[in-house]
$ cat coords_38.txt   # compact mmCIF, C-alpha atoms
# COMPACT_ATOMS: atom_id res chain seq x y z
CA MET A 241 97.71 54.94 147.92
CA ILE A 242 94.22 53.76 148.63
CA PRO A 243 94.16 50.15 149.91
CA LEU A 244 92.23 47.91 147.53
CA ASP A 245 93.12 44.47 148.87
CA ARG A 246 89.47 43.83 149.87
CA TYR A 247 88.50 43.47 146.19
CA PRO A 248 86.96 41.66 144.47
CA LYS A 249 84.30 41.46 147.15
CA GLU A 250 81.16 39.39 146.80
CA ILE A 251 77.93 40.63 148.37
CA THR A 252 74.43 39.21 148.59
CA LEU A 253 71.41 41.33 147.80
CA ARG A 254 68.03 41.22 149.47
CA ASN A 255 66.71 38.84 146.78
CA ASP A 256 69.68 36.49 147.44
CA ALA A 257 71.26 37.42 144.10
CA ARG A 258 75.02 37.91 144.25
CA ALA A 259 77.06 40.84 142.99
CA VAL A 260 80.78 41.43 142.87
CA LEU A 261 82.25 44.76 143.90
CA ARG A 262 85.59 45.81 142.51
CA PRO A 263 87.39 48.91 141.23
CA MET A 264 86.69 49.81 137.63
CA VAL A 265 89.36 48.97 135.07
CA PRO A 266 89.69 50.34 131.51
CA GLU A 267 88.22 47.13 130.06
CA ASP A 268 84.89 47.95 131.77
CA ALA A 269 84.24 50.88 129.45
CA VAL A 270 81.54 49.32 127.27
CA GLU A 271 79.66 47.74 130.19
CA LEU A 272 79.82 51.02 132.09
CA TRP A 273 78.46 52.85 129.05
CA ASN A 274 75.59 50.32 128.79
CA PHE A 275 74.86 50.92 132.49
CA LEU A 276 74.99 54.71 132.30
CA ARG A 277 72.83 55.14 129.25
CA GLN A 278 69.93 53.15 130.72
CA LEU A 279 69.80 55.31 133.87
CA PRO A 280 66.93 57.78 134.28
CA GLU A 281 67.76 61.29 133.08
CA ILE A 282 67.71 62.70 136.61
CA ASP A 283 70.51 60.34 137.67
CA LYS A 284 72.75 61.68 134.93
CA SER A 285 72.23 65.36 135.72
CA HIS A 286 75.53 65.81 137.56
CA PHE A 287 77.74 64.61 134.72
CA HIS A 288 79.70 67.31 132.95
CA GLU A 289 79.66 65.34 129.73
CA ASP A 290 77.11 63.36 127.75
CA VAL A 291 77.54 59.85 129.16
CA ASP A 292 75.17 58.45 126.54
CA ARG A 293 78.07 58.82 124.13
CA ARG A 294 80.30 55.79 124.11
CA GLU A 295 83.47 57.71 123.31
CA VAL A 296 83.01 59.85 126.44
CA VAL A 297 82.91 56.80 128.69
CA GLU A 298 85.79 55.15 126.85
CA ARG A 299 87.89 58.27 127.37
CA TRP A 300 87.12 58.21 131.11
CA ALA A 301 87.96 54.54 131.34
CA ALA A 302 91.31 55.06 129.64
CA SER A 303 92.33 57.75 132.13
CA ILE A 304 91.33 56.23 135.46
CA ASP A 305 93.32 57.61 138.40
CA TYR A 306 92.22 55.90 141.62
CA ASP A 307 93.84 58.56 143.78
CA SER A 308 91.56 61.28 142.44
CA ALA A 309 88.45 59.28 141.46
CA LEU A 310 87.98 55.69 142.56
CA PRO A 311 84.98 54.07 140.86
CA ILE A 312 83.78 50.86 142.51
CA LEU A 313 81.52 48.85 140.24
CA ALA A 314 78.86 46.32 141.25
CA LEU A 315 78.75 43.57 138.65
CA GLN A 316 76.59 40.59 137.93
CA GLY A 317 78.60 38.59 135.44
CA ASN A 318 79.91 41.27 133.11
CA ARG A 319 76.92 43.53 133.59
CA VAL A 320 77.39 46.70 135.64
CA VAL A 321 74.40 47.15 137.96
CA GLY A 322 75.75 49.90 140.21
CA SER A 323 78.65 52.25 140.72
CA ALA A 324 80.00 54.25 143.61
CA THR A 325 82.77 56.74 143.07
CA LEU A 326 84.92 58.41 145.71
CA TYR A 327 86.41 61.66 144.46
CA ARG A 328 89.34 63.17 146.34
CA ASN A 329 91.58 66.20 146.10
CA ARG A 330 95.17 65.30 146.78
CA THR A 331 96.06 68.83 147.81
CA GLY A 332 94.32 71.96 148.98
CA TRP A 333 91.73 72.76 151.57
CA LYS A 334 89.38 69.91 150.70
CA GLN A 335 91.95 67.12 150.73
CA ARG A 336 90.23 65.56 153.76
CA VAL A 337 86.78 65.70 152.14
CA GLY A 338 85.69 62.88 149.86
CA ILE A 339 82.87 63.41 147.40
CA VAL A 340 80.55 60.49 146.86
CA ARG A 341 78.48 59.64 143.78
CA ILE A 342 76.39 56.49 143.73
CA LEU A 343 74.32 55.20 140.83
CA ILE A 344 72.10 52.13 140.88
CA SER A 345 70.45 50.44 137.92
CA PRO A 346 66.66 50.92 138.09
CA ASP A 347 66.07 47.15 138.08
CA HIS A 348 68.42 46.72 141.07
CA ARG A 349 66.82 49.21 143.44
CA HIS A 350 65.14 48.22 146.71
CA LEU A 351 67.61 45.34 147.06
CA GLY A 352 70.08 46.95 149.41
CA LEU A 353 72.67 47.57 146.69
CA GLY A 354 72.69 51.34 147.21
CA THR A 355 73.24 50.85 150.93
CA ALA A 356 76.02 48.33 150.24
CA MET A 357 77.72 50.87 147.97
CA ILE A 358 77.48 53.54 150.68
CA ARG A 359 79.10 51.09 153.12
CA GLU A 360 81.96 50.52 150.66
CA ILE A 361 82.63 54.22 150.18
CA ARG A 362 82.43 54.81 153.93
CA HIS A 363 85.00 52.06 154.43
CA LEU A 364 87.34 53.50 151.80
CA GLY A 365 86.93 56.99 153.23
CA GLU A 366 87.99 55.69 156.63
CA LYS A 367 90.97 53.87 155.14
CA VAL A 368 92.35 57.04 153.56
CA SER A 369 91.73 59.06 156.74
CA LEU A 370 89.18 61.46 155.32
CA ASN A 371 87.40 63.76 157.75
CA TYR A 372 84.13 63.94 155.83
CA LEU A 373 82.23 62.35 153.02
CA LEU A 374 80.07 64.73 151.04
CA ALA A 375 77.13 63.64 148.90
CA GLU A 376 75.09 65.88 146.63
CA VAL A 377 71.70 64.57 145.58
CA ILE A 378 68.85 66.14 143.66
CA GLU A 379 65.89 66.52 145.99
CA GLU A 380 63.66 64.29 143.88
CA GLN A 381 66.03 61.37 144.54
CA GLN A 382 64.37 60.76 147.89
CA ALA A 383 65.31 57.08 148.11
CA ALA A 384 68.96 58.04 147.87
CA VAL A 385 68.57 60.79 150.47
CA ARG A 386 66.89 58.39 152.90
CA ALA A 387 69.52 55.70 152.35
CA LEU A 388 72.35 58.17 152.91
CA GLU A 389 70.70 59.48 156.08
CA ARG A 390 70.19 55.97 157.40
CA MET A 391 73.89 55.34 156.89
CA GLY A 392 74.93 58.34 158.95
CA PHE A 393 74.92 61.20 156.48
CA GLU A 394 73.30 64.37 157.76
CA LYS A 395 71.65 67.05 155.68
CA ALA A 396 73.96 70.06 155.67
CA GLY A 397 71.80 72.16 153.43
CA VAL A 398 69.22 72.29 150.68
CA TYR A 399 69.85 74.74 147.86
CA ARG A 400 66.56 75.64 146.21
CA ASN A 401 66.40 75.63 142.40
CA PHE A 402 70.16 75.45 142.36
CA VAL A 403 71.17 72.98 139.66
CA ASN A 404 69.86 72.30 136.20
CA ASP A 405 69.33 69.02 134.44
CA ARG A 406 70.34 68.37 130.86
CA LYS A 407 67.11 69.94 129.59
CA GLY A 408 67.75 73.09 131.59
CA ASP A 409 65.06 72.54 134.23
CA LEU A 410 66.03 73.62 137.73
CA HIS A 411 66.17 71.29 140.73
CA SER A 412 66.92 71.68 144.41
CA LEU A 413 70.21 70.20 145.58
CA VAL A 414 70.51 68.36 148.89
CA VAL A 415 74.01 68.37 150.40
CA LEU A 416 74.74 65.65 152.95
CA LEU A 417 77.82 65.16 155.10
CA HIS A 418 79.13 62.13 156.94
CA PRO A 419 81.80 62.72 159.60
CA LEU A 420 84.52 60.06 159.62
CA SER A 421 86.86 59.04 162.37
CA GLY A 422 89.74 61.01 160.76
CA LEU A 423 88.02 64.07 162.19
CA GLY A 424 89.01 63.12 165.72
CA LYS A 425 92.69 62.48 164.90
CA MET B 236 51.85 52.79 174.03
CA GLU B 237 53.58 53.99 177.21
CA ALA B 238 56.78 52.37 178.40
CA THR B 239 56.99 51.75 182.12
CA SER B 240 60.24 52.18 184.03
CA ILE B 241 60.49 48.37 184.14
CA ASP B 242 60.15 48.24 180.31
CA LEU B 243 62.88 50.84 179.97
CA ARG B 244 65.13 48.97 182.37
CA ARG B 245 64.58 45.72 180.50
CA GLY B 246 65.22 47.43 177.15
CA TYR B 247 68.38 48.98 178.52
CA HIS B 248 69.80 45.65 179.68
CA GLN B 249 68.85 43.89 176.44
CA LEU B 250 70.61 46.57 174.42
CA GLU B 251 73.60 46.48 176.74
CA ARG B 252 73.94 42.73 176.06
CA LEU B 253 73.44 43.25 172.32
CA LEU B 254 76.17 45.90 172.15
CA ARG B 255 78.52 43.66 174.11
CA GLU B 256 77.95 40.82 171.63
CA ILE B 257 78.42 43.16 168.69
CA ALA B 258 81.68 44.44 170.19
CA VAL B 259 82.99 40.86 170.37
CA ALA B 260 82.05 40.22 166.72
CA LEU B 261 83.59 43.51 165.68
CA GLU B 262 86.91 42.84 167.41
CA LYS B 263 87.99 40.52 164.58
CA GLU B 264 86.93 42.90 161.81
CA ASP B 265 88.59 45.91 160.29
CA ILE B 266 85.54 48.18 159.91
CA PRO B 267 86.38 51.62 161.33
CA ALA B 268 82.94 53.07 160.46
CA ALA B 269 81.26 50.29 162.44
CA ARG B 270 83.49 50.95 165.44
CA MET B 271 82.42 54.57 165.32
CA ASP B 272 78.75 53.58 165.19
CA LEU B 273 79.22 51.18 168.07
CA GLU B 274 80.72 54.01 170.08
CA LYS B 275 77.68 56.18 169.26
CA ALA B 276 75.38 53.33 170.29
CA ARG B 277 77.15 53.12 173.65
CA GLU B 278 76.89 56.89 174.12
CA ALA B 279 73.17 56.75 173.35
CA LEU B 280 72.76 53.90 175.81
CA ASP B 281 74.61 55.88 178.47
CA GLY B 282 72.23 58.74 177.72
CA ALA B 283 69.28 56.42 178.36
CA GLU B 284 70.72 55.45 181.71
CA SER B 285 71.35 59.00 182.81
CA GLY B 286 68.05 60.22 181.36
CA GLY B 287 66.14 58.92 184.34
CA GLY B 288 63.28 57.34 182.38
CA GLY B 289 60.51 58.89 180.33
CA PRO B 290 60.46 59.88 176.66
CA ASP B 291 64.09 61.02 176.60
CA ALA B 292 65.33 57.65 177.83
CA LEU B 293 63.11 55.89 175.29
CA ARG B 294 64.52 58.09 172.52
CA SER B 295 68.07 57.33 173.61
CA LEU B 296 67.33 53.59 173.56
CA ASP B 297 65.88 53.98 170.07
CA HIS B 298 69.04 55.78 168.92
CA ALA B 299 71.22 53.08 170.45
CA LEU B 300 69.21 50.41 168.62
CA SER B 301 69.49 52.30 165.32
CA TYR B 302 73.27 52.51 165.61
CA ALA B 303 73.38 48.84 166.56
CA HIS B 304 71.38 47.95 163.44
CA ARG B 305 73.90 49.83 161.34
CA VAL B 306 76.83 47.96 162.87
CA ILE B 307 75.07 44.64 162.30
CA GLY B 308 74.55 45.74 158.68
CA ASP B 309 78.27 46.46 158.38
CA LEU B 310 79.18 43.05 159.79
CA LEU B 311 76.80 41.29 157.38
CA HIS B 312 78.17 43.31 154.47
CA GLU B 313 81.75 42.37 155.35
CA LYS B 314 80.77 38.69 155.37
CA GLY B 315 78.97 39.02 152.02
CA LEU B 316 75.65 38.12 153.63
CA PRO B 317 72.29 39.62 152.63
CA PRO B 318 71.40 42.88 154.35
CA HIS B 319 69.04 42.66 157.26
CA SER B 320 66.21 45.07 157.43
CA PRO B 321 64.47 46.36 160.55
CA ALA B 322 61.27 45.50 158.66
CA ASP B 323 62.23 41.82 158.99
CA PHE B 324 61.68 42.23 162.72
CA ALA B 325 58.33 43.98 162.39
CA GLY B 326 56.57 41.13 164.16
CA TRP B 327 58.62 41.81 167.28
CA TYR B 328 57.75 45.47 167.46
CA ASP B 329 54.84 47.02 169.26
CA ALA B 330 54.54 49.64 166.54
CA GLY B 331 51.75 48.95 164.06
CA GLU B 332 54.00 49.54 161.11
CA VAL B 333 57.76 49.79 160.84
CA PRO B 334 58.21 53.24 159.35
CA PHE B 335 61.00 52.47 156.89
CA ARG B 336 62.00 49.93 154.31
CA GLU B 337 64.87 49.25 151.97
CA ASP B 338 64.61 52.00 149.41
CA TRP B 339 67.82 51.90 147.48
$ encode --input "coords_38.txt" --output "structure tokens"
Amino acid sequence: MIPLDRYPKEITLRNDARAVLRPMVPEDAVELWNFLRQLPEIDKSHFHEDVDRREVVERWAASIDYDSALPILALQGNRVVGSATLYRNRTGWKQRVGIVRILISPDHRHLGLGTAMIREIRHLGEKVSLNYLLAEVIEEQQAAVRALERMGFEKAGVYRNFVNDRKGDLHSLVVLLHPLSGLGK
Amino acid sequence: MEATSIDLRRGYHQLERLLREIAVALEKEDIPAARMDLEKAREALDGAESGGGGPDALRSLDHALSYAHRVIGDLLHEKGLPPHSPADFAGWYDAGEVPFREDW
């Protein structure tokens, strides 16, 4: 079980506004949908399903399993302004590798929220003794790449014209890895 | 701007003190990632000492400072305080412009 006793956790952004971090619960479905559908297209490229559709997000919310995907939401009041999800495999050869996805509302960028979300995921990764965190980012998302690198992620590779967005256009994928202390155990 | 051996020595001791203070603050916190970064900061500082001066020593001090900044960021985050940015300290730097800012 992943330890969640640190939540809810209040943080302060660069503009002194407050946000609360906590794991997503099924009741967050509508606010999460509102958050996801206002994101730029490029930020939604990795989703397997159309997150602009409310029923898709409601289905996700109803089937949350923290041990395989732990979504941490950043909220201001009821409004979701950011999310960071730690995906894990419970078995198999990648069970010590956590996959990270972080999304930040466009009107909450440059405030340190993305970095705060990376810190949270790093903390959770340490707590469940992962060896590595892995982040995949489209090359155009340079702010995210820089933030991840500043927090200790290292570029493991760039795959040219590797992934397609929802319109079918190709983009290069940057893969970043962050070693965790589990690696030395 | 060139750093003299006295500058490097001074920088080394200032960082040594900073890391010691950070270690004390970190003792009461459960932040494994920060402990790892503090360890890397110490290793970088050791590298500066054994580097014998010059650009390599300066680079090692810079790395130690970067890791220290990250640990300070972790401590602030744990306390729910606003993030600090190296840009906030721009006035203290010799560099004309701090080459990074909060992007995300």
$ closest_atom_pairs --input "coords_38.txt" --of "range 243-303 of chain B" --to "range 350-364 of chain A" --cutoff "12 Å" --atoms "only C-alpha atoms" --output "tab-separated table"
residue	atom	partner	partner_atom	distance
B:Glu264	CA	A:His363	CA	11.9
B:Asp265	CA	A:His363	CA	9.2
B:Ile266	CA	A:His363	CA	6.7
B:Pro267	CA	A:His363	CA	7.1
B:Ala268	CA	A:His363	CA	6.5
B:Ala269	CA	A:His363	CA	9.0
B:Arg270	CA	A:His363	CA	11.2
B:Met271	CA	A:Arg362	CA	11.4
B:Asp272	CA	A:Arg362	CA	11.9
$ write_last_selection --input "coords_38.txt" --atoms "C-alpha atoms" --output "mmCIF file, in the coordinates of the input"
data_model
loop_
_atom_site.group_PDB
_atom_site.id
_atom_site.type_symbol
_atom_site.label_atom_id
_atom_site.label_comp_id
_atom_site.auth_asym_id
_atom_site.auth_seq_id
_atom_site.Cartn_x
_atom_site.Cartn_y
_atom_site.Cartn_z
ATOM 1 C CA GLU B 264 86.930 42.900 161.810
ATOM 2 C CA ASP B 265 88.590 45.910 160.290
ATOM 3 C CA ILE B 266 85.540 48.180 159.910
ATOM 4 C CA PRO B 267 86.380 51.620 161.330
ATOM 5 C CA ALA B 268 82.940 53.070 160.460
ATOM 6 C CA ALA B 269 81.260 50.290 162.440
ATOM 7 C CA ARG B 270 83.490 50.950 165.440
ATOM 8 C CA MET B 271 82.420 54.570 165.320
ATOM 9 C CA ASP B 272 78.750 53.580 165.190
#
$ closest_atom_pairs --input "coords_38.txt" --of "chain A" --to "chain B" --cutoff "6 Å" --atoms "only C-alpha atoms" --output "CSV"
residue,atom,partner,partner_atom,distance
A:Glu250,CA,B:Gly315,CA,5.7
A:Ile251,CA,B:Gly315,CA,4.1
A:Thr252,CA,B:Pro317,CA,4.6
A:Leu253,CA,B:Pro317,CA,5.2
A:Arg254,CA,B:Pro317,CA,5.5
A:Arg349,CA,B:Trp339,CA,5.0
A:His350,CA,B:Trp339,CA,4.6
A:Gly352,CA,B:Trp339,CA,5.8
A:Gly354,CA,B:Trp339,CA,4.9
A:Ala383,CA,B:Asp338,CA,5.3
$ atom_distance --input "coords_38.txt" --atom1 "CA of Ala324 in chain A" --atom2 "CA of Arg294 in chain A"
19.6 Å
$ atom_distance --input "coords_38.txt" --atom1 "CA of Val291 in chain A" --atom2 "CA of Phe275 in chain A"
9.9 Å
$ residues_around --input "coords_38.txt" --residues "range 275-284 of chain B" --least-positions-apart "3" --cutoff "10 Å" --atoms "only C-alpha atoms" --output "PDB file with C-alpha atoms, keeping the file's coordinate frame"
ATOM      1  CA  LEU B 243      62.880  50.840 179.970  1.00  0.00           C
ATOM      2  CA  ARG B 244      65.130  48.970 182.370  1.00  0.00           C
ATOM      3  CA  GLY B 246      65.220  47.430 177.150  1.00  0.00           C
ATOM      4  CA  TYR B 247      68.380  48.980 178.520  1.00  0.00           C
ATOM      5  CA  HIS B 248      69.800  45.650 179.680  1.00  0.00           C
ATOM      6  CA  LEU B 250      70.610  46.570 174.420  1.00  0.00           C
ATOM      7  CA  GLU B 251      73.600  46.480 176.740  1.00  0.00           C
ATOM      8  CA  LEU B 254      76.170  45.900 172.150  1.00  0.00           C
ATOM      9  CA  ARG B 255      78.520  43.660 174.110  1.00  0.00           C
ATOM     10  CA  ALA B 269      81.260  50.290 162.440  1.00  0.00           C
ATOM     11  CA  ARG B 270      83.490  50.950 165.440  1.00  0.00           C
ATOM     12  CA  MET B 271      82.420  54.570 165.320  1.00  0.00           C
ATOM     13  CA  ASP B 272      78.750  53.580 165.190  1.00  0.00           C
ATOM     14  CA  GLY B 287      66.140  58.920 184.340  1.00  0.00           C
ATOM     15  CA  GLY B 288      63.280  57.340 182.380  1.00  0.00           C
ATOM     16  CA  GLY B 289      60.510  58.890 180.330  1.00  0.00           C
ATOM     17  CA  PRO B 290      60.460  59.880 176.660  1.00  0.00           C
ATOM     18  CA  ASP B 291      64.090  61.020 176.600  1.00  0.00           C
ATOM     19  CA  ALA B 292      65.330  57.650 177.830  1.00  0.00           C
ATOM     20  CA  LEU B 293      63.110  55.890 175.290  1.00  0.00           C
ATOM     21  CA  ARG B 294      64.520  58.090 172.520  1.00  0.00           C
ATOM     22  CA  SER B 295      68.070  57.330 173.610  1.00  0.00           C
ATOM     23  CA  LEU B 296      67.330  53.590 173.560  1.00  0.00           C
ATOM     24  CA  ASP B 297      65.880  53.980 170.070  1.00  0.00           C
ATOM     25  CA  HIS B 298      69.040  55.780 168.920  1.00  0.00           C
ATOM     26  CA  ALA B 299      71.220  53.080 170.450  1.00  0.00           C
ATOM     27  CA  LEU B 300      69.210  50.410 168.620  1.00  0.00           C
ATOM     28  CA  SER B 301      69.490  52.300 165.320  1.00  0.00           C
ATOM     29  CA  TYR B 302      73.270  52.510 165.610  1.00  0.00           C
ATOM     30  CA  ALA B 303      73.380  48.840 166.560  1.00  0.00           C
ATOM     31  CA  HIS B 304      71.380  47.950 163.440  1.00  0.00           C
ATOM     32  CA  ARG B 305      73.900  49.830 161.340  1.00  0.00           C
ATOM     33  CA  VAL B 306      76.830  47.960 162.870  1.00  0.00           C
TER      34      VAL B 306
END
$ residues_around --input "coords_38.txt" --residues "Lys407 in chain A" --least-positions-apart "6" --cutoff "12 Å" --atoms "all atoms listed in the file" --output "list of chain:residue names"
A:Glu281, A:Ile282, A:Lys284, A:Ser285
$ atom_distance --input "coords_38.txt" --atom1 "CA of Gln278 in chain A" --atom2 "CA of Pro248 in chain A"
24.7 Å
$ axis_aligned_box --input "coords_38.txt" --around "range 315-328 of chain A" --padding-each-side "3 Å" --output "AutoDock Vina command-line options"
--center_x 81.9 --center_y 50.9 --center_z 139.7 --size_x 20.9 --size_y 30.6 --size_z 19.2
